[in-house]
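*Asks:* If you scroll down you'll find the structure; I have some questions about it.
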Amino acid sequence: MALAEQLETLAIDIAREAGELARRRRTEGVAIAATKSSIADIVTEADREVETLIRARLVAERPGDGFLGEESGAERGTTDITWVVDPIDGTVNYAYGIPAYAVSIAAVRGEPAPDRWEALAGAVFSPPTGEMFHAAQGAGAWLDDSRLTVNAEASPAGSLLATGFGYNPATHASDLARVARVMPIARDLRRIGAASLDLSYVAAGRFDGYFERGLQPWDHAAGALLVEEAGGRFTRVALEDIPGRPLFVASGAAIFDELLTLAIGP
Ligand code: IPD
């Protein structure tokens, strides 16, 4: 089996186990452990416990690899592979009991920075639905055993789009202005609250496109590979007004250029 597919198999295995733990903890009640970038940006005890499980499994299976996780930070390895992990993407949904959250695990090669790495494998597991989205470089994107393709055609009714907003209230006005610019090509807009699921849904053709500013590497590492392996396009654009808060756009080719132009704005 090629390296990317071996890593995919491992990512699937660990994401399922981690997701089961997250689901079990959810039924026992959620404790907020801390806030991060703002008071709205929370981490639960379960986020930490699930990331610890994922890290321990990876160390046991592939001790030389690096790690970049939302809750426990970065560590370079001795191989060229780094695991990029969001233990619970959609933490606010998780805390409120909304069944839209996911475990996102990706394996990347090279410098562990999104503009330089090469994504090899990824798994996005949705515990509330039991759906496993997964991809390996060159081997396609899949939902369980079904091959995924993005929506290739633009619908005459407009595009079903998704977006997200960061936790910093200072950026909400410009994010809403972006939504207003994009709405003329939309049939409707969704805001699920878990970027890894937004990207997986673009790969699955459940959304025509997705845009959001300010994602972190672990929010998009696995999902971006899913979109590309499903025949779609994904990009990250640095915008000058707020450095360090790039714009991310994903869709099929038919609407990509127009969506990107509208999302970037004047
Ligand atoms: C967040 C979710 C949300 C997105 C935020 C992310 P988290 O991740 O993906 O949909 O809008 O930008 O930070 O904090 O729940 O892991």
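Residue numbers start at 1 in each chain; chains themselves are named A, B, ... in the order of the structure tokens; ligands are numbered from 1 in the order shown.
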Let me see if you get this right: every residue at most 7 Å from ligand 1, counting only C-alpha atoms and all ligand atoms, written as a list in words.
*Replies:*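 With only C-alpha atoms and all ligand atoms and a cut-off of 7 Å, ligand 1 is contacted by Asp41, Asp86, Ile88, Asp89, Gly90, Thr91, Val92, Gly164, Phe165, Gly166, Ile192, Gly193, Ala194, Ala195, Ser196, Gly214, Leu215, Gln216 and Asp219 of chain A.
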*Asks:* Which of segment 190-253 of chain A end up as alpha helix (DSSP H) when DSSP is run on this backbone - answer as a compact mmCIF listing (two decimals) with all heavy atoms, in the first residue's frame?
*Replies:*
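Wrote it out as out_30.txt, contents follow:
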```txt
# COMPACT_ATOMS: atom_id res chain seq x y z
N ALA A 195 -15.71 23.88 10.38
CA ALA A 195 -15.10 24.08 9.07
C ALA A 195 -14.76 22.76 8.38
O ALA A 195 -14.87 22.64 7.15
CB ALA A 195 -13.86 24.95 9.21
N SER A 196 -14.34 21.78 9.16
CA SER A 196 -13.97 20.49 8.55
C SER A 196 -15.19 19.84 7.90
O SER A 196 -15.07 19.18 6.86
CB SER A 196 -13.36 19.55 9.60
OG SER A 196 -14.31 19.28 10.62
N LEU A 197 -16.36 20.03 8.50
CA LEU A 197 -17.58 19.50 7.88
C LEU A 197 -17.98 20.32 6.67
O LEU A 197 -18.42 19.77 5.65
CB LEU A 197 -18.74 19.46 8.90
CG LEU A 197 -18.62 18.41 10.00
CD1 LEU A 197 -19.81 18.51 10.96
CD2 LEU A 197 -18.55 16.99 9.43
N ASP A 198 -17.83 21.66 6.75
CA ASP A 198 -18.12 22.50 5.58
C ASP A 198 -17.33 22.00 4.38
O ASP A 198 -17.87 21.85 3.27
CB ASP A 198 -17.74 23.96 5.85
CG ASP A 198 -18.66 24.64 6.87
OD1 ASP A 198 -19.88 24.45 6.79
OD2 ASP A 198 -18.15 25.37 7.73
N LEU A 199 -16.04 21.75 4.58
CA LEU A 199 -15.19 21.32 3.47
C LEU A 199 -15.55 19.91 3.01
O LEU A 199 -15.59 19.63 1.80
CB LEU A 199 -13.72 21.41 3.88
CG LEU A 199 -13.20 22.86 4.02
CD1 LEU A 199 -11.90 22.89 4.81
CD2 LEU A 199 -13.02 23.51 2.65
N SER A 200 -15.84 19.04 3.96
CA SER A 200 -16.26 17.68 3.59
C SER A 200 -17.54 17.72 2.78
O SER A 200 -17.73 16.94 1.83
CB SER A 200 -16.49 16.83 4.85
OG SER A 200 -15.30 16.71 5.59
N TYR A 201 -18.44 18.63 3.13
CA TYR A 201 -19.72 18.74 2.41
C TYR A 201 -19.51 19.31 1.01
O TYR A 201 -20.25 18.95 0.08
CB TYR A 201 -20.71 19.60 3.20
CG TYR A 201 -21.30 18.93 4.43
CD1 TYR A 201 -20.80 17.72 4.93
CD2 TYR A 201 -22.36 19.51 5.11
CE1 TYR A 201 -21.34 17.12 6.05
CE2 TYR A 201 -22.92 18.91 6.24
CZ TYR A 201 -22.40 17.72 6.71
OH TYR A 201 -22.95 17.12 7.82
N VAL A 202 -18.54 20.19 0.83
CA VAL A 202 -18.21 20.64 -0.54
C VAL A 202 -17.72 19.43 -1.34
O VAL A 202 -18.15 19.20 -2.47
CB VAL A 202 -17.15 21.76 -0.53
CG1 VAL A 202 -16.67 22.06 -1.96
CG2 VAL A 202 -17.72 23.04 0.10
N ALA A 203 -16.84 18.64 -0.73
CA ALA A 203 -16.32 17.44 -1.42
C ALA A 203 -17.47 16.51 -1.80
O ALA A 203 -17.46 15.89 -2.87
CB ALA A 203 -15.31 16.72 -0.53
N PRO A 217 -4.79 26.00 10.83
CA PRO A 217 -4.36 24.83 10.02
C PRO A 217 -5.18 23.56 10.29
O PRO A 217 -5.53 22.83 9.36
CB PRO A 217 -2.90 24.63 10.45
CG PRO A 217 -2.46 25.97 10.94
CD PRO A 217 -3.67 26.66 11.50
N TRP A 218 -5.50 23.31 11.57
CA TRP A 218 -6.21 22.07 11.91
C TRP A 218 -7.68 22.12 11.47
O TRP A 218 -8.32 21.09 11.34
CB TRP A 218 -6.14 21.82 13.42
CG TRP A 218 -6.30 23.06 14.22
CD1 TRP A 218 -7.47 23.68 14.58
CD2 TRP A 218 -5.24 23.88 14.72
NE1 TRP A 218 -7.20 24.82 15.27
CE2 TRP A 218 -5.85 24.98 15.39
CE3 TRP A 218 -3.83 23.79 14.69
CZ2 TRP A 218 -5.10 25.98 16.00
CZ3 TRP A 218 -3.10 24.79 15.31
CH2 TRP A 218 -3.72 25.87 15.96
N ASP A 219 -8.23 23.33 11.23
CA ASP A 219 -9.61 23.42 10.76
C ASP A 219 -9.75 22.90 9.33
O ASP A 219 -10.81 22.41 8.94
CB ASP A 219 -10.10 24.88 10.74
CG ASP A 219 -10.17 25.51 12.12
OD1 ASP A 219 -10.55 24.81 13.07
OD2 ASP A 219 -9.87 26.72 12.24
N HIS A 220 -8.68 23.09 8.51
CA HIS A 220 -8.86 22.83 7.08
C HIS A 220 -7.92 21.76 6.50
O HIS A 220 -8.08 21.37 5.34
CB HIS A 220 -8.68 24.12 6.27
CG HIS A 220 -7.31 24.73 6.35
ND1 HIS A 220 -6.24 24.25 5.64
CD2 HIS A 220 -6.84 25.78 7.05
CE1 HIS A 220 -5.17 24.98 5.91
NE2 HIS A 220 -5.50 25.91 6.76
N ALA A 221 -6.94 21.26 7.29
CA ALA A 221 -5.92 20.38 6.71
C ALA A 221 -6.55 19.15 6.03
O ALA A 221 -6.24 18.84 4.87
CB ALA A 221 -4.93 19.94 7.78
N ALA A 222 -7.43 18.46 6.72
CA ALA A 222 -8.05 17.27 6.13
C ALA A 222 -9.12 17.65 5.10
O ALA A 222 -9.19 17.07 4.01
CB ALA A 222 -8.67 16.40 7.23
N GLY A 223 -9.92 18.64 5.42
CA GLY A 223 -11.03 19.03 4.54
C GLY A 223 -10.56 19.54 3.19
O GLY A 223 -11.18 19.26 2.16
N ALA A 224 -9.47 20.29 3.16
CA ALA A 224 -8.97 20.81 1.89
C ALA A 224 -8.54 19.67 0.97
O ALA A 224 -8.79 19.69 -0.24
CB ALA A 224 -7.80 21.76 2.13
N LEU A 225 -7.89 18.64 1.54
CA LEU A 225 -7.50 17.49 0.72
C LEU A 225 -8.74 16.78 0.18
O LEU A 225 -8.77 16.37 -0.99
CB LEU A 225 -6.64 16.52 1.54
CG LEU A 225 -6.17 15.27 0.79
CD1 LEU A 225 -5.23 15.63 -0.36
CD2 LEU A 225 -5.49 14.28 1.73
N LEU A 226 -9.76 16.67 1.01
CA LEU A 226 -11.02 16.05 0.55
C LEU A 226 -11.58 16.79 -0.66
O LEU A 226 -11.98 16.18 -1.66
CB LEU A 226 -12.05 16.06 1.68
CG LEU A 226 -12.00 14.81 2.57
CD1 LEU A 226 -12.37 15.11 4.00
CD2 LEU A 226 -12.95 13.75 2.00
N VAL A 227 -11.60 18.14 -0.59
CA VAL A 227 -12.14 18.93 -1.70
C VAL A 227 -11.32 18.68 -2.97
O VAL A 227 -11.86 18.42 -4.05
CB VAL A 227 -12.15 20.44 -1.35
CG1 VAL A 227 -12.46 21.28 -2.57
CG2 VAL A 227 -13.15 20.72 -0.23
N GLU A 228 -9.99 18.73 -2.83
CA GLU A 228 -9.15 18.59 -4.03
C GLU A 228 -9.25 17.18 -4.60
O GLU A 228 -9.32 17.00 -5.82
CB GLU A 228 -7.71 18.97 -3.69
CG GLU A 228 -7.62 20.48 -3.51
CD GLU A 228 -6.26 21.00 -3.07
OE1 GLU A 228 -5.44 20.21 -2.57
OE2 GLU A 228 -6.04 22.20 -3.21
N GLU A 229 -9.29 16.18 -3.73
CA GLU A 229 -9.40 14.79 -4.22
C GLU A 229 -10.78 14.51 -4.80
O GLU A 229 -10.96 13.55 -5.54
CB GLU A 229 -9.06 13.80 -3.11
CG GLU A 229 -7.58 13.73 -2.80
CD GLU A 229 -6.76 13.18 -3.97
OE1 GLU A 229 -7.27 12.32 -4.70
OE2 GLU A 229 -5.62 13.65 -4.17
N ALA A 253 -15.03 23.75 -9.91
CA ALA A 253 -14.40 24.74 -10.81
C ALA A 253 -15.41 25.73 -11.38
O ALA A 253 -15.09 26.89 -11.61
CB ALA A 253 -13.70 24.00 -11.95
```
*Asks:* So, with only C-alpha atoms as the atoms that count, which of A:Leu239, A:Ile255, A:Leu143, A:Val43 lies closest to Leu160 of chain A?
*Replies:*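 Closest residue, counting only C-alpha atoms: A:Ile255.
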*Asks:* So how far away is atom CA of Arg178 of chain A from atom CA of Leu247 of chain A, in Å?
*Replies:*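 Separation between atom CA of Leu247 of chain A and atom CA of Arg178 of chain A: 10.6 Å.
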*Asks:* Could you jot down the atom CA of Ser155 of chain A to atom CA of Thr235 of chain A separation for me, Å, one decimal place?
*Replies:*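 Distance between the two atoms: 21.8 Å.
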*Asks:* If you measure from atom CA of Arg116 of chain A to atom CA of Arg62 of chain A, what distance in Å do you get, rounded to one decimal?
*Replies:* 22.1 Å
*Asks:* Show me, as CSV, the residues of segment 52-110 of chain A having an atom within 9 Å of segment 13-37 of chain A, each with the closest atom pair and its distance in Å, using only C-alpha atoms.
*Replies:*
```
residue,atom,partner,partner_atom,distance
A:Leu53,CA,A:Ala18,CA,6.8
A:Ile54,CA,A:Ile14,CA,6.4
A:Arg57,CA,A:Ile14,CA,7.1
A:Leu58,CA,A:Ile14,CA,8.2
A:Pro87,CA,A:Ala18,CA,7.5
A:Ile88,CA,A:Ala22,CA,7.6
A:Tyr94,CA,A:Arg26,CA,7.3
A:Ala95,CA,A:Val30,CA,6.0
A:Tyr96,CA,A:Val30,CA,8.6
A:Gly97,CA,A:Arg26,CA,7.6
A:Ala102,CA,A:Gly19,CA,7.2
A:Val103,CA,A:Ala15,CA,5.9
A:Ser104,CA,A:Ala15,CA,7.0
A:Ile105,CA,A:Ala15,CA,6.7
```
*Asks:* Restricted to N, CA, C and O atoms, what would the selected residues look like written as an mmCIF file, in the first residue's frame?
*Replies:*
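Dumped everything to again.cif:
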```cif
data_model
loop_
_atom_site.group_PDB
_atom_site.id
_atom_site.type_symbol
_atom_site.label_atom_id
_atom_site.label_comp_id
_atom_site.auth_asym_id
_atom_site.auth_seq_id
_atom_site.Cartn_x
_atom_site.Cartn_y
_atom_site.Cartn_z
ATOM 1 N N LEU A 53 -5.781 11.420 23.465
ATOM 2 C CA LEU A 53 -5.942 10.059 22.927
ATOM 3 C C LEU A 53 -5.329 9.965 21.521
ATOM 4 O O LEU A 53 -4.581 9.028 21.215
ATOM 5 N N ILE A 54 -5.645 10.965 20.679
ATOM 6 C CA ILE A 54 -5.151 10.919 19.292
ATOM 7 C C ILE A 54 -3.618 10.948 19.287
ATOM 8 O O ILE A 54 -2.965 10.175 18.569
ATOM 9 N N ARG A 57 -2.131 7.623 20.398
ATOM 10 C CA ARG A 57 -2.251 6.601 19.352
ATOM 11 C C ARG A 57 -1.212 6.818 18.252
ATOM 12 O O ARG A 57 -0.597 5.880 17.750
ATOM 13 N N LEU A 58 -1.024 8.095 17.876
ATOM 14 C CA LEU A 58 -0.061 8.392 16.803
ATOM 15 C C LEU A 58 1.366 8.094 17.258
ATOM 16 O O LEU A 58 2.161 7.530 16.497
ATOM 17 N N PRO A 87 -9.219 17.956 17.542
ATOM 18 C CA PRO A 87 -9.900 16.835 18.218
ATOM 19 C C PRO A 87 -11.416 16.976 18.158
ATOM 20 O O PRO A 87 -12.122 15.984 17.988
ATOM 21 N N ILE A 88 -11.902 18.220 18.337
ATOM 22 C CA ILE A 88 -13.342 18.470 18.178
ATOM 23 C C ILE A 88 -13.470 19.784 17.415
ATOM 24 O O ILE A 88 -13.301 20.865 17.984
ATOM 25 N N TYR A 94 -20.663 21.522 19.995
ATOM 26 C CA TYR A 94 -20.503 20.417 20.947
ATOM 27 C C TYR A 94 -20.960 20.851 22.338
ATOM 28 O O TYR A 94 -21.713 20.143 23.008
ATOM 29 N N ALA A 95 -20.521 22.034 22.742
ATOM 30 C CA ALA A 95 -20.858 22.516 24.078
ATOM 31 C C ALA A 95 -22.357 22.776 24.228
ATOM 32 O O ALA A 95 -22.930 22.570 25.290
ATOM 33 N N TYR A 96 -23.003 23.209 23.137
ATOM 34 C CA TYR A 96 -24.440 23.508 23.184
ATOM 35 C C TYR A 96 -25.316 22.285 22.898
ATOM 36 O O TYR A 96 -26.534 22.370 22.941
ATOM 37 N N GLY A 97 -24.689 21.168 22.546
ATOM 38 C CA GLY A 97 -25.479 19.967 22.245
ATOM 39 C C GLY A 97 -26.035 19.943 20.837
ATOM 40 O O GLY A 97 -26.994 19.216 20.554
ATOM 41 N N ALA A 102 -16.930 17.467 14.561
ATOM 42 C CA ALA A 102 -16.167 16.401 13.900
ATOM 43 C C ALA A 102 -14.764 16.295 14.480
ATOM 44 O O ALA A 102 -14.235 17.265 15.031
ATOM 45 N N VAL A 103 -14.184 15.130 14.318
ATOM 46 C CA VAL A 103 -12.760 14.927 14.581
ATOM 47 C C VAL A 103 -12.047 15.052 13.240
ATOM 48 O O VAL A 103 -12.450 14.403 12.269
ATOM 49 N N SER A 104 -11.030 15.894 13.170
ATOM 50 C CA SER A 104 -10.328 16.097 11.893
ATOM 51 C C SER A 104 -8.850 15.756 12.073
ATOM 52 O O SER A 104 -8.173 16.328 12.933
ATOM 53 N N ILE A 105 -8.366 14.810 11.262
ATOM 54 C CA ILE A 105 -6.970 14.353 11.356
ATOM 55 C C ILE A 105 -6.374 14.329 9.949
ATOM 56 O O ILE A 105 -6.942 13.712 9.049
#
```
*Asks:* Which residue out of A:Phe248, A:Tyr101, A:Trp83, A:Phe256 has the minimum interatomic distance to Leu120 of chain A when only C-alpha atoms are used?
*Replies:*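 With only C-alpha atoms as the atom set, the closest residue is A:Trp83.
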*Asks:* Please list as a list in words every residue within 9 Å of Thr129 of chain A, counting only C-alpha atoms and excluding residues in the same chain fewer than 4 positions away.
*Replies:*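 Residues near the query, excluding close chain neighbours: Pro99, Ala100 and Phe125 of chain A.
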*Asks:* Each residue of segment 65-116 of chain A with at least one atom at most 12 Å from segment 137-141 of chain A should appear once, together with its nearest atom pair and the corresponding distance in Å (one decimal); atoms considered: only C-alpha atoms; ordering: chain, then increasing residue number; output as a Markdown table.
*Replies:*
```
| residue | atom | partner | partner_atom | distance |
| --- | --- | --- | --- | --- |
| A:Ala106 | CA | A:Gln137 | CA | 11.1 |
| A:Ala107 | CA | A:Gln137 | CA | 10.2 |
| A:Val108 | CA | A:Gln137 | CA | 10.1 |
| A:Arg109 | CA | A:Gln137 | CA | 11.2 |
```
*Asks:* Compare A:Asp47, A:Glu111, A:Asp208, A:Glu70 by their minimum atom-to-atom distance to Thr163 of chain A, counting only C-alpha atoms, and give me the closest one.
*Replies:*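 Looking at the shortest contact to Thr163 of chain A, the residue is A:Asp208.
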*Asks:* Closest to Tyr210 of chain A among A:Ile12, A:Ala162, A:Ala180, A:Ala173, using only C-alpha atoms?
*Replies:*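 Of A:Ile12, A:Ala162, A:Ala180, A:Ala173, the one nearest Tyr210 of chain A is A:Ala162, counting only C-alpha atoms.
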*Asks:* I need the residue nearest Arg245 of chain A from this list: A:Ser174, A:Arg48, A:Arg233, A:Leu260. Use only C-alpha atoms for the distance.
*Replies:*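 Closest candidate: A:Ser174.
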*Asks:* For a quick check of understanding, using only C-alpha atoms, which of A:Gly77, A:Gly64, A:Gly231, A:Gly205 has the smallest distance to Ala135 of chain A?
*Replies:* A:Gly231
